[in-house]
$ cat start_14.pdb   # PDB, C-alpha atoms and all ligand atoms
ATOM      1  CA  MET L  68      -9.901   1.656 -29.680
ATOM      2  CA  THR L  69     -13.568   0.959 -29.094
ATOM      3  CA  LYS L  70     -13.200  -2.184 -27.017
ATOM      4  CA  THR L  71     -13.930  -2.112 -23.297
ATOM      5  CA  CYS L  72     -10.724  -2.115 -21.252
ATOM      6  CA  SER L  73     -10.404  -3.048 -17.580
ATOM      7  CA  VAL L  74      -7.283  -2.620 -15.489
ATOM      8  CA  THR L  75      -6.681  -3.310 -11.801
ATOM      9  CA  ALA L  76      -3.987  -1.867  -9.542
ATOM     10  CA  PRO L  77      -3.015  -3.231  -6.111
ATOM     11  CA  GLY L  78      -2.927  -1.507  -2.731
ATOM     12  CA  LYS L  79       0.370  -1.143  -0.907
ATOM     13  CA  ILE L  80       1.971  -1.018   2.512
ATOM     14  CA  ILE L  81       5.152   0.634   3.649
ATOM     15  CA  LEU L  82       7.374  -1.955   5.323
ATOM     16  CA  ALA L  83       9.781   0.636   6.732
ATOM     17  CA  GLY L  84      10.802   4.255   6.249
ATOM     18  CA  GLU L  85       7.568   6.266   5.975
ATOM     19  CA  HIS L  86       7.837  10.021   6.632
ATOM     20  CA  ALA L  87      11.666   9.942   6.651
ATOM     21  CA  VAL L  88      11.368   9.104   2.918
ATOM     22  CA  VAL L  89       9.877  12.574   2.324
ATOM     23  CA  TYR L  90      13.234  13.980   3.572
ATOM     24  CA  GLY L  91      15.422  11.926   1.229
ATOM     25  CA  GLN L  92      15.865   8.760   3.300
ATOM     26  CA  PRO L  93      15.150   5.322   1.772
ATOM     27  CA  ALA L  94      11.928   3.384   2.371
ATOM     28  CA  ILE L  95      10.673  -0.069   1.405
ATOM     29  CA  ALA L  96       7.139  -0.621   0.110
ATOM     30  CA  LEU L  97       5.260  -3.762  -0.927
ATOM     31  CA  PRO L  98       2.202  -4.214  -3.144
ATOM     32  CA  VAL L  99      -0.862  -5.771  -1.497
ATOM     33  CA  PHE L 100      -2.914  -7.691  -4.045
ATOM     34  CA  GLN L 101      -5.764  -8.650  -1.681
ATOM     35  CA  VAL L 102      -7.181  -5.161  -2.168
ATOM     36  CA  GLY L 103      -7.214  -3.065  -5.306
ATOM     37  CA  ALA L 104      -8.724  -0.463  -7.598
ATOM     38  CA  GLU L 105     -10.314  -1.263 -10.931
ATOM     39  CA  ALA L 106     -10.961   1.119 -13.826
ATOM     40  CA  THR L 107     -13.091   0.092 -16.800
ATOM     41  CA  VAL L 108     -13.288   2.249 -19.914
ATOM     42  CA  GLN L 109     -15.989   1.644 -22.509
ATOM     43  CA  PRO L 110     -17.352   3.465 -25.543
ATOM     44  CA  TYR L 111     -19.946   6.031 -24.518
ATOM     45  CA  SER L 112     -22.617   7.520 -26.704
ATOM     46  CA  GLY L 113     -24.144  10.078 -24.368
ATOM     47  CA  ASP L 114     -25.991  13.208 -25.474
ATOM     48  CA  GLN L 115     -22.778  15.110 -25.960
ATOM     49  CA  MET L 116     -20.501  13.804 -28.687
ATOM     50  CA  GLY L 117     -16.986  13.348 -27.390
ATOM     51  CA  ALA L 118     -18.028  13.616 -23.738
ATOM     52  CA  ILE L 119     -16.094  11.691 -21.135
ATOM     53  CA  ARG L 120     -18.125  10.548 -18.145
ATOM     54  CA  ILE L 121     -16.635   9.290 -14.894
ATOM     55  CA  VAL L 122     -18.651   7.071 -12.576
ATOM     56  CA  ALA L 123     -17.208   6.134  -9.160
ATOM     57  CA  PRO L 124     -20.029   4.880  -6.885
ATOM     58  CA  ASP L 125     -17.637   4.414  -3.917
ATOM     59  CA  ILE L 126     -17.277   8.202  -3.670
ATOM     60  CA  ASN L 127     -20.746   9.076  -5.062
ATOM     61  CA  LEU L 128     -19.330  10.483  -8.262
ATOM     62  CA  ASP L 129     -21.155  10.490 -11.595
ATOM     63  CA  SER L 130     -20.065  13.421 -13.715
ATOM     64  CA  GLN L 131     -18.903  14.631 -17.083
ATOM     65  CA  LEU L 132     -15.166  15.244 -17.023
ATOM     66  CA  SER L 133     -15.679  18.838 -18.186
ATOM     67  CA  LEU L 134     -17.686  19.619 -15.011
ATOM     68  CA  LEU L 135     -14.985  18.457 -12.599
ATOM     69  CA  ALA L 136     -12.586  20.942 -10.990
ATOM     70  CA  GLU L 137      -8.986  21.269 -12.211
ATOM     71  CA  ASN L 138      -7.667  19.696  -9.002
ATOM     72  CA  HIS L 139     -10.142  16.802  -8.743
ATOM     73  CA  PRO L 140      -7.797  13.782  -8.422
ATOM     74  CA  LEU L 141      -9.792  11.488 -10.752
ATOM     75  CA  ALA L 142     -10.165  14.250 -13.351
ATOM     76  CA  MET L 143      -6.444  14.973 -13.034
ATOM     77  CA  ALA L 144      -5.630  11.343 -13.819
ATOM     78  CA  VAL L 145      -7.859  11.470 -16.914
ATOM     79  CA  ARG L 146      -6.659  14.879 -18.145
ATOM     80  CA  GLY L 147      -3.017  13.977 -17.482
ATOM     81  CA  THR L 148      -3.432  10.803 -19.563
ATOM     82  CA  LEU L 149      -5.075  12.676 -22.461
ATOM     83  CA  GLN L 150      -2.275  15.232 -22.369
ATOM     84  CA  ALA L 151       0.423  12.536 -22.358
ATOM     85  CA  LEU L 152      -1.316  10.953 -25.377
ATOM     86  CA  GLU L 153      -1.618  14.414 -27.014
ATOM     87  CA  MET L 154      -5.345  13.887 -27.562
ATOM     88  CA  GLN L 155      -7.058  17.273 -27.683
ATOM     89  CA  GLN L 156     -10.407  15.924 -28.866
ATOM     90  CA  PRO L 157     -10.726  12.359 -27.607
ATOM     91  CA  PRO L 158     -13.752  10.266 -28.568
ATOM     92  CA  GLY L 159     -16.395   9.956 -25.850
ATOM     93  CA  CYS L 160     -16.086   7.197 -23.299
ATOM     94  CA  LEU L 161     -17.417   6.053 -19.954
ATOM     95  CA  ILE L 162     -14.893   5.459 -17.156
ATOM     96  CA  LYS L 163     -16.091   3.329 -14.242
ATOM     97  CA  VAL L 164     -13.959   3.216 -11.107
ATOM     98  CA  HIS L 165     -14.289   0.873  -8.144
ATOM     99  CA  SER L 166     -11.895   0.289  -5.271
ATOM    100  CA  THR L 167     -11.761  -2.117  -2.338
ATOM    101  CA  ILE L 168      -8.913  -0.161  -0.732
ATOM    102  CA  PRO L 169     -10.037   1.827   2.309
ATOM    103  CA  ILE L 170      -9.549   5.576   1.877
ATOM    104  CA  ALA L 171      -7.082   7.428   4.146
ATOM    105  CA  ALA L 172      -5.807   4.184   5.656
ATOM    106  CA  GLY L 173      -2.220   4.113   4.379
ATOM    107  CA  LEU L 174      -2.935   1.433   1.767
ATOM    108  CA  GLY L 175      -2.419   3.647  -1.271
ATOM    109  CA  SER L 176      -6.035   4.018  -2.406
ATOM    110  CA  GLY L 177      -5.446   7.323  -4.227
ATOM    111  CA  ALA L 178      -2.427   6.101  -6.169
ATOM    112  CA  ALA L 179      -4.104   2.782  -7.053
ATOM    113  CA  VAL L 180      -7.171   4.543  -8.468
ATOM    114  CA  SER L 181      -4.939   6.860 -10.522
ATOM    115  CA  VAL L 182      -2.770   4.034 -11.877
ATOM    116  CA  ALA L 183      -5.852   1.992 -12.837
ATOM    117  CA  ILE L 184      -7.468   4.963 -14.646
ATOM    118  CA  ILE L 185      -4.279   5.975 -16.491
ATOM    119  CA  ARG L 186      -3.577   2.419 -17.659
ATOM    120  CA  ALA L 187      -7.184   1.616 -18.630
ATOM    121  CA  LEU L 188      -7.655   4.857 -20.568
ATOM    122  CA  SER L 189      -4.378   4.670 -22.482
ATOM    123  CA  LYS L 190      -5.077   1.008 -23.290
ATOM    124  CA  PHE L 191      -8.610   1.917 -24.432
ATOM    125  CA  PHE L 192      -7.133   4.414 -26.892
ATOM    126  CA  GLY L 193      -4.750   1.724 -28.126
ATOM    127  CA  ARG L 194      -1.640   3.459 -26.829
ATOM    128  CA  PRO L 195      -0.637   1.981 -23.452
ATOM    129  CA  LEU L 196       1.791   4.241 -21.611
ATOM    130  CA  SER L 197       5.130   3.070 -20.178
ATOM    131  CA  ASP L 198       5.421   2.302 -16.444
ATOM    132  CA  GLU L 199       7.588   5.376 -16.041
ATOM    133  CA  ILE L 200       4.944   7.728 -17.502
ATOM    134  CA  VAL L 201       2.108   5.978 -15.610
ATOM    135  CA  SER L 202       3.998   6.480 -12.346
ATOM    136  CA  GLN L 203       4.784  10.142 -13.164
ATOM    137  CA  LEU L 204       1.150  10.912 -14.001
ATOM    138  CA  ALA L 205      -0.060   9.191 -10.833
ATOM    139  CA  TYR L 206       2.477  11.247  -8.872
ATOM    140  CA  GLN L 207       0.868  14.451 -10.155
ATOM    141  CA  THR L 208      -2.507  13.368  -8.761
ATOM    142  CA  GLU L 209      -0.866  12.210  -5.516
ATOM    143  CA  LYS L 210      -0.020  15.837  -4.842
ATOM    144  CA  GLN L 211      -3.748  16.480  -4.389
ATOM    145  CA  TYR L 212      -4.014  13.815  -1.692
ATOM    146  CA  HIS L 213      -0.672  14.242   0.011
ATOM    147  CA  GLY L 214       0.646  17.766  -0.239
ATOM    148  CA  THR L 215       4.312  16.820  -0.651
ATOM    149  CA  PRO L 216       4.373  13.140  -1.563
ATOM    150  CA  SER L 217       7.683  11.319  -1.798
ATOM    151  CA  GLY L 218       6.435   9.316  -4.792
ATOM    152  CA  ILE L 219       6.689   5.929  -3.085
ATOM    153  CA  ASP L 220       2.971   5.052  -3.405
ATOM    154  CA  ASN L 221       2.683   5.636  -7.163
ATOM    155  CA  THR L 222       6.000   3.790  -7.674
ATOM    156  CA  VAL L 223       5.200   0.575  -5.786
ATOM    157  CA  ILE L 224       1.671   0.433  -7.190
ATOM    158  CA  THR L 225       2.772   1.040 -10.795
ATOM    159  CA  TYR L 226       5.516  -1.592 -10.679
ATOM    160  CA  GLY L 227       3.565  -4.098  -8.507
ATOM    161  CA  ASN L 228       6.806  -5.258  -6.915
ATOM    162  CA  ALA L 229       8.643  -4.826  -3.619
ATOM    163  CA  VAL L 230      10.642  -1.605  -4.027
ATOM    164  CA  TYR L 231      13.489   0.123  -2.228
ATOM    165  CA  PHE L 232      12.709   3.752  -2.870
ATOM    166  CA  LYS L 233      14.721   6.924  -2.489
ATOM    167  CA  ARG L 234      13.523  10.264  -3.840
ATOM    168  CA  LYS L 235      15.049  11.242  -7.184
ATOM    169  CA  LYS L 236      16.956   7.937  -7.408
ATOM    170  CA  PRO L 237      16.303   5.081  -9.872
ATOM    171  CA  ILE L 238      13.745   2.589  -8.578
ATOM    172  CA  LEU L 239      15.200  -0.575  -7.128
ATOM    173  CA  ARG L 240      13.027  -3.686  -7.268
ATOM    174  CA  LEU L 241      13.815  -5.973  -4.350
ATOM    175  CA  SER L 242      14.122  -9.707  -4.761
ATOM    176  CA  VAL L 243      12.732 -11.746  -1.881
ATOM    177  CA  PRO L 244      14.603 -15.080  -1.874
ATOM    178  CA  VAL L 245      12.987 -16.275   1.378
ATOM    179  CA  PRO L 246       9.260 -15.488   1.755
ATOM    180  CA  PHE L 247       7.946 -13.790   4.869
ATOM    181  CA  THR L 248       4.465 -13.287   6.276
ATOM    182  CA  LEU L 249       2.867 -10.047   7.367
ATOM    183  CA  VAL L 250      -0.419  -9.482   9.146
ATOM    184  CA  ILE L 251      -1.907  -6.082   8.323
ATOM    185  CA  GLY L 252      -4.424  -4.613  10.781
ATOM    186  CA  ASP L 253      -6.701  -1.638  10.179
ATOM    187  CA  SER L 254      -7.253   0.584  13.223
ATOM    188  CA  GLY L 255     -10.505   1.771  11.646
ATOM    189  CA  VAL L 256      -9.450   5.381  12.216
ATOM    190  CA  SER L 257      -9.352   7.430   9.040
ATOM    191  CA  SER L 258      -6.295   9.673   8.906
ATOM    192  CA  PRO L 259      -5.437  11.710   5.797
ATOM    193  CA  THR L 260      -1.714  11.473   5.049
ATOM    194  CA  ALA L 261      -1.597  15.140   4.051
ATOM    195  CA  ILE L 262      -2.221  16.094   7.696
ATOM    196  CA  THR L 263       0.443  13.874   9.275
ATOM    197  CA  VAL L 264       2.955  14.873   6.576
ATOM    198  CA  ARG L 265       2.183  18.540   7.310
ATOM    199  CA  ASP L 266       2.504  18.041  11.077
ATOM    200  CA  VAL L 267       5.837  16.254  10.743
ATOM    201  CA  ARG L 268       7.072  19.132   8.563
ATOM    202  CA  GLN L 269       6.022  21.693  11.170
ATOM    203  CA  SER L 270       7.770  19.714  13.916
ATOM    204  CA  TRP L 271      10.903  19.406  11.745
ATOM    205  CA  GLU L 272      10.871  23.185  11.192
ATOM    206  CA  ARG L 273      10.620  23.732  14.963
ATOM    207  CA  GLU L 274      13.313  21.176  15.881
ATOM    208  CA  PRO L 275      15.362  20.523  12.745
ATOM    209  CA  SER L 276      18.354  18.769  14.318
ATOM    210  CA  ARG L 277      16.233  16.398  16.426
ATOM    211  CA  TYR L 278      14.065  15.424  13.451
ATOM    212  CA  ASP L 279      17.024  15.138  11.060
ATOM    213  CA  GLN L 280      18.565  12.649  13.498
ATOM    214  CA  ILE L 281      15.335  10.624  13.675
ATOM    215  CA  PHE L 282      15.126  10.549   9.859
ATOM    216  CA  LYS L 283      18.763   9.408   9.601
ATOM    217  CA  ASP L 284      18.159   6.632  12.145
ATOM    218  CA  VAL L 285      15.152   5.503  10.110
ATOM    219  CA  GLY L 286      17.274   5.509   6.933
ATOM    220  CA  LYS L 287      19.932   3.328   8.573
ATOM    221  CA  LEU L 288      17.428   0.749   9.731
ATOM    222  CA  VAL L 289      15.742   0.663   6.317
ATOM    223  CA  ASP L 290      19.101  -0.278   4.777
ATOM    224  CA  LYS L 291      19.427  -3.105   7.311
ATOM    225  CA  VAL L 292      15.881  -4.291   6.539
ATOM    226  CA  ARG L 293      16.843  -4.397   2.863
ATOM    227  CA  GLN L 294      19.963  -6.475   3.639
ATOM    228  CA  HIS L 295      17.934  -8.986   5.652
ATOM    229  CA  ILE L 296      15.366  -9.354   2.862
ATOM    230  CA  GLU L 297      17.930  -9.739   0.103
ATOM    231  CA  SER L 298      20.144 -12.124   2.063
ATOM    232  CA  GLY L 299      17.185 -14.381   2.880
ATOM    233  CA  ARG L 300      16.984 -13.644   6.632
ATOM    234  CA  PRO L 301      13.603 -11.888   6.855
ATOM    235  CA  GLU L 302      13.027 -12.986  10.479
ATOM    236  CA  LYS L 303      15.849 -10.653  11.487
ATOM    237  CA  MET L 304      13.678  -7.693  10.442
ATOM    238  CA  GLY L 305      11.474  -8.014  13.534
ATOM    239  CA  ARG L 306      13.580  -5.918  15.876
ATOM    240  CA  LEU L 307      14.122  -3.286  13.179
ATOM    241  CA  LEU L 308      10.376  -2.946  12.596
ATOM    242  CA  ASN L 309       9.939  -2.417  16.352
ATOM    243  CA  ASP L 310      12.669   0.252  16.293
ATOM    244  CA  ASN L 311      10.985   1.907  13.321
ATOM    245  CA  HIS L 312       7.729   2.080  15.281
ATOM    246  CA  THR L 313       9.539   3.749  18.202
ATOM    247  CA  LEU L 314      11.003   6.350  15.830
ATOM    248  CA  LEU L 315       7.543   6.987  14.334
ATOM    249  CA  GLN L 316       6.199   7.477  17.865
ATOM    250  CA  GLU L 317       8.989  10.020  18.424
ATOM    251  CA  MET L 318       7.892  11.796  15.231
ATOM    252  CA  GLY L 319       4.426  12.041  16.781
ATOM    253  CA  VAL L 320       2.513  10.012  14.203
ATOM    254  CA  SER L 321       1.378   6.995  16.215
ATOM    255  CA  SER L 322      -1.886   6.832  18.153
ATOM    256  CA  VAL L 323      -3.426   4.946  21.058
ATOM    257  CA  GLU L 324      -5.267   2.628  18.651
ATOM    258  CA  LEU L 325      -2.154   1.839  16.598
ATOM    259  CA  ASP L 326      -0.005   1.284  19.710
ATOM    260  CA  GLN L 327      -2.618  -1.125  21.075
ATOM    261  CA  LEU L 328      -2.593  -3.177  17.880
ATOM    262  CA  VAL L 329       1.212  -3.170  17.757
ATOM    263  CA  ASP L 330       1.449  -4.263  21.418
ATOM    264  CA  ALA L 331      -1.178  -6.975  20.906
ATOM    265  CA  ALA L 332       0.669  -8.399  17.899
ATOM    266  CA  ARG L 333       3.996  -8.431  19.743
ATOM    267  CA  GLY L 334       2.375  -9.947  22.839
ATOM    268  CA  ALA L 335       0.948 -12.764  20.693
ATOM    269  CA  GLY L 336       4.383 -13.644  19.381
ATOM    270  CA  ALA L 337       4.915 -11.448  16.328
ATOM    271  CA  LEU L 338       8.613 -10.981  15.540
ATOM    272  CA  GLY L 339       8.055  -7.245  15.174
ATOM    273  CA  ALA L 340       5.270  -4.736  14.537
ATOM    274  CA  LYS L 341       4.870  -1.098  13.520
ATOM    275  CA  LEU L 342       2.407   1.375  12.126
ATOM    276  CA  SER L 343       2.490   1.609   8.344
ATOM    277  CA  GLY L 344       1.901   4.715   6.217
ATOM    278  CA  GLY L 345       1.002   8.190   7.354
ATOM    279  CA  GLY L 346      -0.030   7.100  10.876
ATOM    280  CA  ARG L 347      -2.408   8.473  13.586
ATOM    281  CA  GLY L 348      -4.840   5.908  12.157
ATOM    282  CA  GLY L 349      -4.933   3.608   9.179
ATOM    283  CA  ASN L 350      -2.980   0.376   9.272
ATOM    284  CA  MET L 351      -0.214  -1.359  11.165
ATOM    285  CA  ILE L 352       1.790  -4.411  10.165
ATOM    286  CA  ALA L 353       3.221  -7.362  12.078
ATOM    287  CA  LEU L 354       5.950  -9.744  10.936
ATOM    288  CA  VAL L 355       4.926 -13.259  11.933
ATOM    289  CA  ARG L 356       6.074 -16.819  11.518
ATOM    290  CA  PRO L 357       3.425 -18.696   9.476
ATOM    291  CA  GLU L 358       2.458 -20.844  12.481
ATOM    292  CA  GLN L 359       1.735 -17.688  14.527
ATOM    293  CA  VAL L 360      -0.637 -16.065  12.048
ATOM    294  CA  LYS L 361      -3.854 -17.282  13.702
ATOM    295  CA  THR L 362      -2.785 -16.313  17.241
ATOM    296  CA  VAL L 363      -1.643 -12.872  16.140
ATOM    297  CA  ILE L 364      -4.865 -12.267  14.173
ATOM    298  CA  THR L 365      -6.960 -13.220  17.220
ATOM    299  CA  ALA L 366      -4.967 -10.886  19.476
ATOM    300  CA  MET L 367      -5.208  -8.008  16.992
ATOM    301  CA  ARG L 368      -8.931  -8.528  16.591
ATOM    302  CA  GLN L 369      -9.359  -8.409  20.390
ATOM    303  CA  ALA L 370      -7.291  -5.205  20.439
ATOM    304  CA  GLY L 371      -9.747  -3.551  18.026
ATOM    305  CA  ALA L 372      -8.545  -4.290  14.466
ATOM    306  CA  ARG L 373     -11.402  -3.627  12.038
ATOM    307  CA  LYS L 374     -10.031  -5.464   9.060
ATOM    308  CA  ILE L 375      -7.137  -7.881   8.892
ATOM    309  CA  ILE L 376      -5.178  -9.070   5.884
ATOM    310  CA  SER L 377      -2.444 -11.669   5.998
ATOM    311  CA  THR L 378      -0.016 -11.689   3.130
ATOM    312  CA  THR L 379       3.019 -13.750   2.242
ATOM    313  CA  VAL L 380       5.687 -11.686   0.565
ATOM    314  CA  SER L 381       7.745 -13.521  -2.032
ATOM    315  CA  SER L 382       8.396 -13.246  -5.733
ATOM    316  CA  THR L 383       4.654 -13.903  -6.056
ATOM    317  CA  ILE L 384       2.733 -12.280  -3.232
ATOM    318  CA  THR L 385      -0.252 -14.217  -1.861
ATOM    319  CA  GLY L 386      -2.605 -14.031   1.103
ATOM    320  CA  GLU L 387      -6.142 -13.693   2.304
ATOM    321  CA  GLN L 388      -8.400 -10.998   3.603
ATOM    322  CA  LYS L 389     -10.475 -11.233   6.767
ATOM    323  CA  ASP L 390     -13.105  -8.893   8.097
ATOM    324  CA  ALA L 391     -12.704  -8.618  11.835
TER     325      ALA L 391
HETATM  326  O1  LIG G 401      -0.106   6.912   1.779
HETATM  327  P1  LIG G 401       0.469   6.596   3.117
HETATM  328  O2  LIG G 401      -0.380   6.938   4.255
HETATM  329  O3  LIG G 401       1.021   5.198   3.135
HETATM  330  O4  LIG G 401       1.751   7.536   3.338
HETATM  331  C1  LIG G 401       2.833   7.526   2.494
HETATM  332  C2  LIG G 401       4.062   7.571   3.255
HETATM  333  C3  LIG G 401       4.572   8.933   3.730
HETATM  334  O5  LIG G 401       5.964   8.741   3.856
HETATM  335  C4  LIG G 401       3.977   9.266   5.071
HETATM  336  C5  LIG G 401       4.280  10.062   2.768
HETATM  337  C6  LIG G 401       5.026   9.961   1.458
HETATM  338  O6  LIG G 401       4.616  10.656   0.522
HETATM  339  O7  LIG G 401       6.023   9.235   1.343
END

$ encode --input "start_14.pdb" --output "structure tokens" --more "lines below"
Ligand code: PMV
Amino acid sequence: MTKTCSVTAPGKIILAGEHAVVYGQPAIALPVFQVGAEATVQPYSGDQMGAIRIVAPDINLDSQLSLLAENHPLAMAVRGTLQALEMQQPPGCLIKVHSTIPIAAGLGSGAAVSVAIIRALSKFFGRPLSDEIVSQLAYQTEKQYHGTPSGIDNTVITYGNAVYFKRKKPILRLSVPVPFTLVIGDSGVSSPTAITVRDVRQSWEREPSRYDQIFKDVGKLVDKVRQHIESGRPEKMGRLLNDNHTLLQEMGVSSVELDQLVDAARGAGALGAKLSGGGRGGNMIALVRPEQVKTVITAMRQAGARKIISTTVSSTITGEQKDA
């Protein structure tokens, strides 16, 4: 109970189905291990006995837990964990948090930080929580970032596996018999998901039948993407990813910067490309044959990508990170 505990959690991307997933359609998400959040919990003997201190230099936070607001996402992760462990008077400890996942970029930074804190803290107290509880607790904090999150971020990050996700349905881990390569490009534009999710909701309320049709079309193509992955024909996903991008444009969540990166990737030979996550900024992804990776990266860099990650998706996901 008094040993230092460190836990890392990966970032994530949404391969297909973002936004429509909020309305009950399926989506597919993948963990991205080149970026991540780390939480370290160690015994703390500050002035106050039993005090819990949280230090997160990335967001300029150094505070006692008791001074943080009810809805502070990091405090929520800590309080939720203590509640799940039924610890009313926990011993003091110091929680250090560090993340290499850009904030508001569609790579799951909020969920990764929560999962790392929840796992590190419960491990520190000698009572590691199950994946199911970790994911549920992270979902509670997601509500602070997202408004009405579908739950896909906390799920893929908790399980660290490719997932086919549908709200209120059991989680389905996808097997990837034939690996495929993605190049992930950051537009450099920060775009909080809560805003795009809210805007899509407002548009859906104004034009319900048009948006319901778009969501259904997204759902259908996500099921086809799943079939191609599971049957070992990942190259066939290219056209579907392009179609998904068109549907996201119709939802109003793309942007000039994202479209430029998508066009550049396609022009350089990518099999397909789309924005990934909440949109209007953040990241896009391109499906590429391994021999095209360099050409596509160069084209995306010229089109303004700030950071580029290439990742090979298989049973064990690998890749490298490049600063543009
Ligand atoms: O965290 P982001 O930006 O990848 O967005 C998550 C995907 C959405 O479908 C837009 C929202 C959600 O909660 O599923």

$ residues_near_ligand --input "start_14.pdb" --ligand "ligand LIG 401 (chain G)" --cutoff "9 Å" --atoms "all atoms listed in the file" --output "PDB file with C-alpha atoms, keeping the file's coordinate frame"
ATOM      1  CA  LYS L  79       0.370  -1.143  -0.907  1.00  0.00           C
ATOM      2  CA  ILE L  80       1.971  -1.018   2.512  1.00  0.00           C
ATOM      3  CA  ILE L  81       5.152   0.634   3.649  1.00  0.00           C
ATOM      4  CA  GLY L  84      10.802   4.255   6.249  1.00  0.00           C
ATOM      5  CA  GLU L  85       7.568   6.266   5.975  1.00  0.00           C
ATOM      6  CA  HIS L  86       7.837  10.021   6.632  1.00  0.00           C
ATOM      7  CA  ALA L  87      11.666   9.942   6.651  1.00  0.00           C
ATOM      8  CA  VAL L  88      11.368   9.104   2.918  1.00  0.00           C
ATOM      9  CA  VAL L  89       9.877  12.574   2.324  1.00  0.00           C
ATOM     10  CA  TYR L  90      13.234  13.980   3.572  1.00  0.00           C
ATOM     11  CA  ALA L  94      11.928   3.384   2.371  1.00  0.00           C
ATOM     12  CA  ALA L  96       7.139  -0.621   0.110  1.00  0.00           C
ATOM     13  CA  ALA L 171      -7.082   7.428   4.146  1.00  0.00           C
ATOM     14  CA  ALA L 172      -5.807   4.184   5.656  1.00  0.00           C
ATOM     15  CA  GLY L 173      -2.220   4.113   4.379  1.00  0.00           C
ATOM     16  CA  LEU L 174      -2.935   1.433   1.767  1.00  0.00           C
ATOM     17  CA  GLY L 175      -2.419   3.647  -1.271  1.00  0.00           C
ATOM     18  CA  SER L 176      -6.035   4.018  -2.406  1.00  0.00           C
ATOM     19  CA  GLY L 177      -5.446   7.323  -4.227  1.00  0.00           C
ATOM     20  CA  ALA L 178      -2.427   6.101  -6.169  1.00  0.00           C
ATOM     21  CA  GLU L 209      -0.866  12.210  -5.516  1.00  0.00           C
ATOM     22  CA  LYS L 210      -0.020  15.837  -4.842  1.00  0.00           C
ATOM     23  CA  TYR L 212      -4.014  13.815  -1.692  1.00  0.00           C
ATOM     24  CA  HIS L 213      -0.672  14.242   0.011  1.00  0.00           C
ATOM     25  CA  GLY L 214       0.646  17.766  -0.239  1.00  0.00           C
ATOM     26  CA  THR L 215       4.312  16.820  -0.651  1.00  0.00           C
ATOM     27  CA  PRO L 216       4.373  13.140  -1.563  1.00  0.00           C
ATOM     28  CA  SER L 217       7.683  11.319  -1.798  1.00  0.00           C
ATOM     29  CA  GLY L 218       6.435   9.316  -4.792  1.00  0.00           C
ATOM     30  CA  ILE L 219       6.689   5.929  -3.085  1.00  0.00           C
ATOM     31  CA  ASP L 220       2.971   5.052  -3.405  1.00  0.00           C
ATOM     32  CA  SER L 258      -6.295   9.673   8.906  1.00  0.00           C
ATOM     33  CA  PRO L 259      -5.437  11.710   5.797  1.00  0.00           C
ATOM     34  CA  THR L 260      -1.714  11.473   5.049  1.00  0.00           C
ATOM     35  CA  ALA L 261      -1.597  15.140   4.051  1.00  0.00           C
ATOM     36  CA  THR L 263       0.443  13.874   9.275  1.00  0.00           C
ATOM     37  CA  VAL L 264       2.955  14.873   6.576  1.00  0.00           C
ATOM     38  CA  SER L 343       2.490   1.609   8.344  1.00  0.00           C
ATOM     39  CA  GLY L 344       1.901   4.715   6.217  1.00  0.00           C
ATOM     40  CA  GLY L 345       1.002   8.190   7.354  1.00  0.00           C
ATOM     41  CA  GLY L 346      -0.030   7.100  10.876  1.00  0.00           C
ATOM     42  CA  GLY L 349      -4.933   3.608   9.179  1.00  0.00           C
ATOM     43  CA  ASN L 350      -2.980   0.376   9.272  1.00  0.00           C
TER      44      ASN L 350
END

$ residues_around --input "start_14.pdb" --residues "Lys287 of chain L" --least-positions-apart "2" --cutoff "12 Å" --atoms "all atoms listed in the file" --output "list in words"
Ala83, Gly84, Ala87, Val88, Gln92, Pro93, Ala94, Gln280, Ile281, Phe282, Lys283, Asp284, Val285, Val289, Asp290, Lys291, Val292, Arg293, Gln294, Leu307, Asp310, Asn311 and Leu314 of chain L

$ resolve_selection --input "start_14.pdb" --expression "the PyMOL selection byres (((chain L and resi 140) around 8) and not hetatm)" --output "list in words"
Asn138, His139, Leu141, Ala142, Met143, Ala144, Ser181, Thr208, Glu209, Gln211 and Tyr212 of chain L

$ write_last_selection --input "start_14.pdb" --atoms "C-alpha atoms" --output "tab-separated table (two decimals), in the frame of the given file"
chain	number	residue	atom	x	y	z
L	138	ASN	CA	-7.67	19.70	-9.00
L	139	HIS	CA	-10.14	16.80	-8.74
L	141	LEU	CA	-9.79	11.49	-10.75
L	142	ALA	CA	-10.16	14.25	-13.35
L	143	MET	CA	-6.44	14.97	-13.03
L	144	ALA	CA	-5.63	11.34	-13.82
L	181	SER	CA	-4.94	6.86	-10.52
L	208	THR	CA	-2.51	13.37	-8.76
L	209	GLU	CA	-0.87	12.21	-5.52
L	211	GLN	CA	-3.75	16.48	-4.39
L	212	TYR	CA	-4.01	13.82	-1.69

$ axis_aligned_box --input "start_14.pdb" --around "segment 119-123 of chain L" --padding-each-side "5 Å" --output "AutoDock Vina command-line options"
--center_x -17.4 --center_y 8.9 --center_z -15.1 --size_x 12.6 --size_y 15.6 --size_z 22.0

$ closest_atom_pairs --input "start_14.pdb" --of "segment 202-224 of chain L" --to "segment 195-198 of chain L" --cutoff "9 Å" --atoms "only C-alpha atoms" --output "tab-separated table"
residue	atom	partner	partner_atom	distance
L:Ser202	CA	L:Asp198	CA	6.0
L:Gln203	CA	L:Asp198	CA	8.5
L:Thr222	CA	L:Asp198	CA	8.9

$ residues_around --input "start_14.pdb" --residues "Arg306 of chain L" --least-positions-apart "4" --cutoff "10 Å" --atoms "only C-alpha atoms" --output "ChimeraX atom specification"
/L:288,292,302,310-312,338-340,354

$ resolve_selection --input "start_14.pdb" --expression "the PyMOL selection byres (((chain L and resi 329) around 12) and not hetatm)" --output "number ranges by chain"
L: 250-254, 308-309, 311-313, 316, 321-328, 330-343, 350-354, 363-364, 366-368, 370-372

$ decode --input "start_14.pdb" --residues "segment 189-193 of chain L" --atoms "C-alpha atoms" --output "compact mmCIF listing (two decimals), in the first residue's frame"
# COMPACT_ATOMS: atom_id res chain seq x y z
CA SER L 189 -6.43 1.66 -6.88
CA LYS L 190 -3.17 -0.26 -7.38
CA PHE L 191 -1.43 1.99 -4.82
CA PHE L 192 -4.09 1.08 -2.26
CA GLY L 193 -3.56 -2.59 -3.09
